[in-house]
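> Would you mind keeping the following structure in view while I ask a few things?
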Amino acid sequence: MEHKPGVTLEADWSGPTMSYVDQDKNTECTAYLFVATFPYSQYTYVEAAASMNQSDWLYCNVHMLEFFEGSPVKIICDNLKTGVITHLKHGEIVLNDAYLSFAEHYQVAIMPAEVRKPKQKPSVEGSAGKIARKIIGMLRNETFRSLEALNRGIREVLDKLNSREFQKRNGSRKIIFETEEKPMLRALPLMPFEICEWSYNHKVGPNSHIWFDKGQYSVPGDYLNKYVDVRYSNAMIYVYSSHKLIAEHKRLPAGIKNGKRTKVSHLPYPLYVPETVESTIAKAEKIGSNTKTVVCRIYDNAKIKEQALMDVRTVLDIAGIYGAEMLEEACRKALKDFHMITYNTLIPYIKEISKDRKNEAKPGDAKKHEHGIVRGADYYRKDGTKQ
């Protein structure tokens with residue numbers, strides 16, 4: 001097959017896999033190799049990914065074009081579900097929305113190979129597959145402590161293989177690519193393609209925030225108690241209502257729980273003031289000394305006090321349902337039996353106090369009037385008739 005420089009780029013997952021150590025879990029993880037090559041120069045790109053899902057497929061495609069510093073006319077790939085929805089023998093090729101957006105962003109045509117016809121992408125099946133196997137062999141005795149470290153190792157070996165002289169052709173993959181093929185590539189957009197996923201039906205809370213991935217993000221106060229959708233990437237989240245963008249925020253760093261991203265203009269009037277450790281302790285103190293003791297012990301038992309904020313709020317919410325007096329009485333009784341007290345500890349005491357008060361409110365053995373309702377003298381006129 002004759003190939004023109006800069007026209008066709010072949011991409012696929014390689015069969016052989018590698019591994020790396022996840023230090024957080026202290027387990028060995030499988031790494032899947034993404035390979036891409038230009039048939040004309042045989043210049044090849046290889047990247048290890050944690051999975052073969054849609055996000056990793058798109059990230060590898062983006063990194064691939066950044067590595068080549070340009071985009072071809074068309075990309076030939078396999079019929080992966082992460083990119084292609086349908087590819088009928090006689091009919092239209094249907095790409096999924098994410099891969100279609102990728103193609104439109106880089107102005108490149110996606111041409112899936114026909115089903116069960118790997119010869120339509122021979123370079124990625126042949127020479128690029130051999131390079132992937134060589135990389136695995138050359139790094140077989142190395143231990144990598146992260147996926148990033150594995151990819152650094154792959155890049156070092158890949159540069160050597162791409163720079164190696166051809167046996168039956170003048171030059172190397174890298175030289176031919178740099179001199180003949182790279183000038184023919186289209187320039188990349190100024191902004192790389194942003195890979196996003198969707199999460200649906202997030203309810204806007206009374207503080208004008210939604211919960212997403214263990215964090216809170218503000219939306220305009222007009223959407224209180226409504227349901228919105230979230231489109232998110234590794235760096236940003238975008239909030240939509242009825243397909244309309246209503247808010248966007250930088251994503252909270254991984255590992256942060258109960259964090260917040262808030263724009264003051266989103267907050268309803270009067271401005272919502274988030275509760276803090278200090279404000280909840282002050283609220284408990286107003287209810288009573290026993291309630292304050294319960295709240296302080298909950299905070300003292302937590303490694304990070306802010307993590308116990310939700311537990312304290314559930315305790316203080318009892319006052320809003322049953323009254324501050326009953327909460328204080330329940331805390332007084334519970335402290336006699338327990339050192340650490342939570343919402344579930346207090347509820348049986350609340351129910352017991354509520355039951356006792358209902359019994360006290362019953363008439364019991366009080367004497368009933370024997371002659372019905374007795375009206376006073378003022379009810380009658382002097383002549384004995386009713387007024």
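Note on naming: chains are A, B, ... as they come in the structure tokens, residues start from 1 per chain, ligands start from 1 in the order shown.
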DSSP says strand (DSSP E) for which residues of stretch 125-330 of chain A? Put them as a ChimeraX atom specification?

/A:197-203,209-212,215-218,227-232,236-241,244-250,259-261

> Would you mind exporting N, CA and C atoms of the selected residues as an mmCIF file, in the first residue's frame?


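Written file, selection36.cif:
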```
data_model
loop_
_atom_site.group_PDB
_atom_site.id
_atom_site.type_symbol
_atom_site.label_atom_id
_atom_site.label_comp_id
_atom_site.auth_asym_id
_atom_site.auth_seq_id
_atom_site.Cartn_x
_atom_site.Cartn_y
_atom_site.Cartn_z
ATOM 1 N N GLU A 197 -17.209 14.208 31.142
ATOM 2 C CA GLU A 197 -18.256 13.208 31.334
ATOM 3 C C GLU A 197 -19.454 13.891 31.976
ATOM 4 N N TRP A 198 -20.575 13.161 32.038
ATOM 5 C CA TRP A 198 -21.817 13.743 32.556
ATOM 6 C C TRP A 198 -22.275 13.019 33.812
ATOM 7 N N SER A 199 -22.866 13.792 34.703
ATOM 8 C CA SER A 199 -23.526 13.243 35.888
ATOM 9 C C SER A 199 -24.858 13.981 36.022
ATOM 10 N N TYR A 200 -25.936 13.229 36.259
ATOM 11 C CA TYR A 200 -27.269 13.814 36.132
ATOM 12 C C TYR A 200 -28.027 13.882 37.464
ATOM 13 N N ASN A 201 -29.022 14.785 37.481
ATOM 14 C CA ASN A 201 -29.999 14.893 38.578
ATOM 15 C C ASN A 201 -29.360 15.199 39.930
ATOM 16 N N HIS A 202 -28.730 16.353 40.011
ATOM 17 C CA HIS A 202 -28.202 16.851 41.284
ATOM 18 C C HIS A 202 -29.146 17.937 41.802
ATOM 19 N N LYS A 203 -29.644 17.764 43.020
ATOM 20 C CA LYS A 203 -30.597 18.730 43.567
ATOM 21 C C LYS A 203 -29.862 19.918 44.181
ATOM 22 N N HIS A 209 -26.133 25.334 46.693
ATOM 23 C CA HIS A 209 -25.009 24.498 46.268
ATOM 24 C C HIS A 209 -25.524 23.102 45.885
ATOM 25 N N ILE A 210 -24.774 22.442 45.037
ATOM 26 C CA ILE A 210 -25.030 21.034 44.739
ATOM 27 C C ILE A 210 -23.857 20.218 45.258
ATOM 28 N N TRP A 211 -24.128 18.962 45.574
ATOM 29 C CA TRP A 211 -23.072 18.025 45.963
ATOM 30 C C TRP A 211 -22.603 17.282 44.716
ATOM 31 N N PHE A 212 -21.276 17.243 44.538
ATOM 32 C CA PHE A 212 -20.698 16.477 43.432
ATOM 33 C C PHE A 212 -19.321 15.982 43.850
ATOM 34 N N GLY A 215 -17.863 17.086 47.212
ATOM 35 C CA GLY A 215 -17.668 18.515 47.382
ATOM 36 C C GLY A 215 -18.921 19.278 46.992
ATOM 37 N N GLN A 216 -18.963 20.578 47.307
ATOM 38 C CA GLN A 216 -20.128 21.409 47.004
ATOM 39 C C GLN A 216 -19.742 22.526 46.038
ATOM 40 N N TYR A 217 -20.658 22.808 45.099
ATOM 41 C CA TYR A 217 -20.431 23.844 44.100
ATOM 42 C C TYR A 217 -21.686 24.710 44.004
ATOM 43 N N SER A 218 -21.490 26.019 43.963
ATOM 44 C CA SER A 218 -22.641 26.933 43.985
ATOM 45 C C SER A 218 -23.267 27.089 42.598
ATOM 46 N N TYR A 227 -33.446 20.400 39.995
ATOM 47 C CA TYR A 227 -32.448 19.397 39.634
ATOM 48 C C TYR A 227 -31.642 19.871 38.424
ATOM 49 N N VAL A 228 -30.327 19.700 38.512
ATOM 50 C CA VAL A 228 -29.435 20.148 37.447
ATOM 51 C C VAL A 228 -28.499 19.004 37.052
ATOM 52 N N ASP A 229 -27.830 19.171 35.912
ATOM 53 C CA ASP A 229 -26.877 18.176 35.409
ATOM 54 C C ASP A 229 -25.472 18.758 35.427
ATOM 55 N N VAL A 230 -24.496 17.880 35.569
ATOM 56 C CA VAL A 230 -23.098 18.308 35.679
ATOM 57 C C VAL A 230 -22.277 17.664 34.567
ATOM 58 N N ARG A 231 -21.549 18.511 33.828
ATOM 59 C CA ARG A 231 -20.548 18.029 32.871
ATOM 60 C C ARG A 231 -19.192 18.329 33.478
ATOM 61 N N TYR A 232 -18.339 17.323 33.596
ATOM 62 C CA TYR A 232 -17.099 17.519 34.351
ATOM 63 C C TYR A 232 -15.893 16.919 33.632
ATOM 64 N N MET A 236 -12.355 20.979 35.538
ATOM 65 C CA MET A 236 -13.505 21.873 35.658
ATOM 66 C C MET A 236 -14.797 21.084 35.818
ATOM 67 N N ILE A 237 -15.822 21.770 36.375
ATOM 68 C CA ILE A 237 -17.185 21.233 36.327
ATOM 69 C C ILE A 237 -18.101 22.321 35.776
ATOM 70 N N TYR A 238 -19.067 21.895 34.956
ATOM 71 C CA TYR A 238 -20.029 22.808 34.349
ATOM 72 C C TYR A 238 -21.425 22.335 34.733
ATOM 73 N N VAL A 239 -22.246 23.270 35.230
ATOM 74 C CA VAL A 239 -23.588 22.933 35.704
ATOM 75 C C VAL A 239 -24.613 23.424 34.681
ATOM 76 N N TYR A 240 -25.529 22.524 34.311
ATOM 77 C CA TYR A 240 -26.534 22.835 33.296
ATOM 78 C C TYR A 240 -27.940 22.631 33.862
ATOM 79 N N SER A 241 -28.836 23.486 33.412
ATOM 80 C CA SER A 241 -30.266 23.323 33.694
ATOM 81 C C SER A 241 -31.003 23.431 32.368
ATOM 82 N N LYS A 244 -28.919 24.412 29.504
ATOM 83 C CA LYS A 244 -28.365 25.761 29.560
ATOM 84 C C LYS A 244 -27.279 25.814 30.631
ATOM 85 N N LEU A 245 -26.103 26.328 30.273
ATOM 86 C CA LEU A 245 -25.000 26.450 31.224
ATOM 87 C C LEU A 245 -25.328 27.546 32.226
ATOM 88 N N ILE A 246 -25.369 27.191 33.532
ATOM 89 C CA ILE A 246 -25.721 28.178 34.554
ATOM 90 C C ILE A 246 -24.580 28.450 35.522
ATOM 91 N N ALA A 247 -23.563 27.593 35.543
ATOM 92 C CA ALA A 247 -22.437 27.820 36.461
ATOM 93 C C ALA A 247 -21.252 26.973 36.032
ATOM 94 N N GLU A 248 -20.050 27.461 36.342
ATOM 95 C CA GLU A 248 -18.848 26.676 36.108
ATOM 96 C C GLU A 248 -17.833 26.980 37.213
ATOM 97 N N HIS A 249 -17.100 25.946 37.612
ATOM 98 C CA HIS A 249 -16.134 26.063 38.706
ATOM 99 C C HIS A 249 -14.901 25.229 38.410
ATOM 100 N N LYS A 250 -13.770 25.639 38.977
ATOM 101 C CA LYS A 250 -12.609 24.759 38.996
ATOM 102 C C LYS A 250 -12.911 23.598 39.930
ATOM 103 N N GLY A 259 -15.310 20.005 50.687
ATOM 104 C CA GLY A 259 -14.841 21.311 50.246
ATOM 105 C C GLY A 259 -15.933 22.060 49.496
ATOM 106 N N LYS A 260 -15.691 23.368 49.258
ATOM 107 C CA LYS A 260 -16.704 24.188 48.600
ATOM 108 C C LYS A 260 -16.068 25.102 47.560
ATOM 109 N N ARG A 261 -16.799 25.276 46.455
ATOM 110 C CA ARG A 261 -16.496 26.317 45.487
ATOM 111 C C ARG A 261 -17.729 27.215 45.431
#
```

> I want to know what sits within 9 Å of A:Ile287, based on only C-alpha atoms, with residues of the same chain fewer than 5 positions away left out; could you give that as a PyMOL selection string?

chain A and resi 282+292+319+324-325+327-328

> Take the residues from that selection and put them in a file with N, CA and C atoms, as a short mmCIF file (atom, residue, chain, number, x, y, z; two decimals), in the first residue's frame.


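Output file again_8.cif is given in full below:
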```cif
data_model
loop_
_atom_site.label_atom_id
_atom_site.label_comp_id
_atom_site.auth_asym_id
_atom_site.auth_seq_id
_atom_site.Cartn_x
_atom_site.Cartn_y
_atom_site.Cartn_z
N ALA A 282 -21.67 27.39 69.59
CA ALA A 282 -22.42 28.51 70.15
C ALA A 282 -23.92 28.22 70.17
N LYS A 292 -24.25 21.27 74.81
CA LYS A 292 -22.89 21.73 74.47
C LYS A 292 -21.87 20.63 74.76
N ALA A 319 -33.55 19.82 67.87
CA ALA A 319 -34.19 20.96 68.52
C ALA A 319 -35.24 21.59 67.60
N ALA A 324 -35.95 22.80 71.77
CA ALA A 324 -34.66 22.88 72.44
C ALA A 324 -34.70 22.26 73.84
N GLU A 325 -35.83 22.42 74.52
CA GLU A 325 -35.95 21.90 75.89
C GLU A 325 -35.85 20.37 75.91
N LEU A 327 -34.38 18.47 73.62
CA LEU A 327 -33.02 18.08 73.26
C LEU A 327 -32.10 18.17 74.47
N GLU A 328 -32.23 19.25 75.22
CA GLU A 328 -31.38 19.42 76.40
C GLU A 328 -31.65 18.33 77.44
#
```

> Could you list, as an NGL selection string, every residue within 8 Å of A:Ala284, counting only C-alpha atoms and ignoring same-chain residues fewer than 6 positions away?

:A and (291-292 or 295 or 316)

> Quick one: everything within 10 Å of A:Ala254, counting only C-alpha atoms, minus sequence neighbours fewer than 5 positions away in the same chain. Send it as JSON, numbers by chain.

{"A": [213, 214, 234]}

> Keeping only C-alpha atoms, write the selected residues as a CSV table (one decimal), in the first residue's frame.


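Saved the output as selection.csv:
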```csv
chain,number,residue,atom,x,y,z
A,213,ASP,CA,-17.8,14.1,44.1
A,214,LYS,CA,-17.7,14.7,47.9
A,234,ASN,CA,-10.3,16.6,35.6
```

> When distances are computed from only C-alpha atoms, which of A:Val219, A:Leu100, A:Phe38, A:Ala308 shows the smallest separation from A:Lys174?

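Of A:Val219, A:Leu100, A:Phe38, A:Ala308, the one nearest A:Lys174, counting only C-alpha atoms, is A:Phe38.
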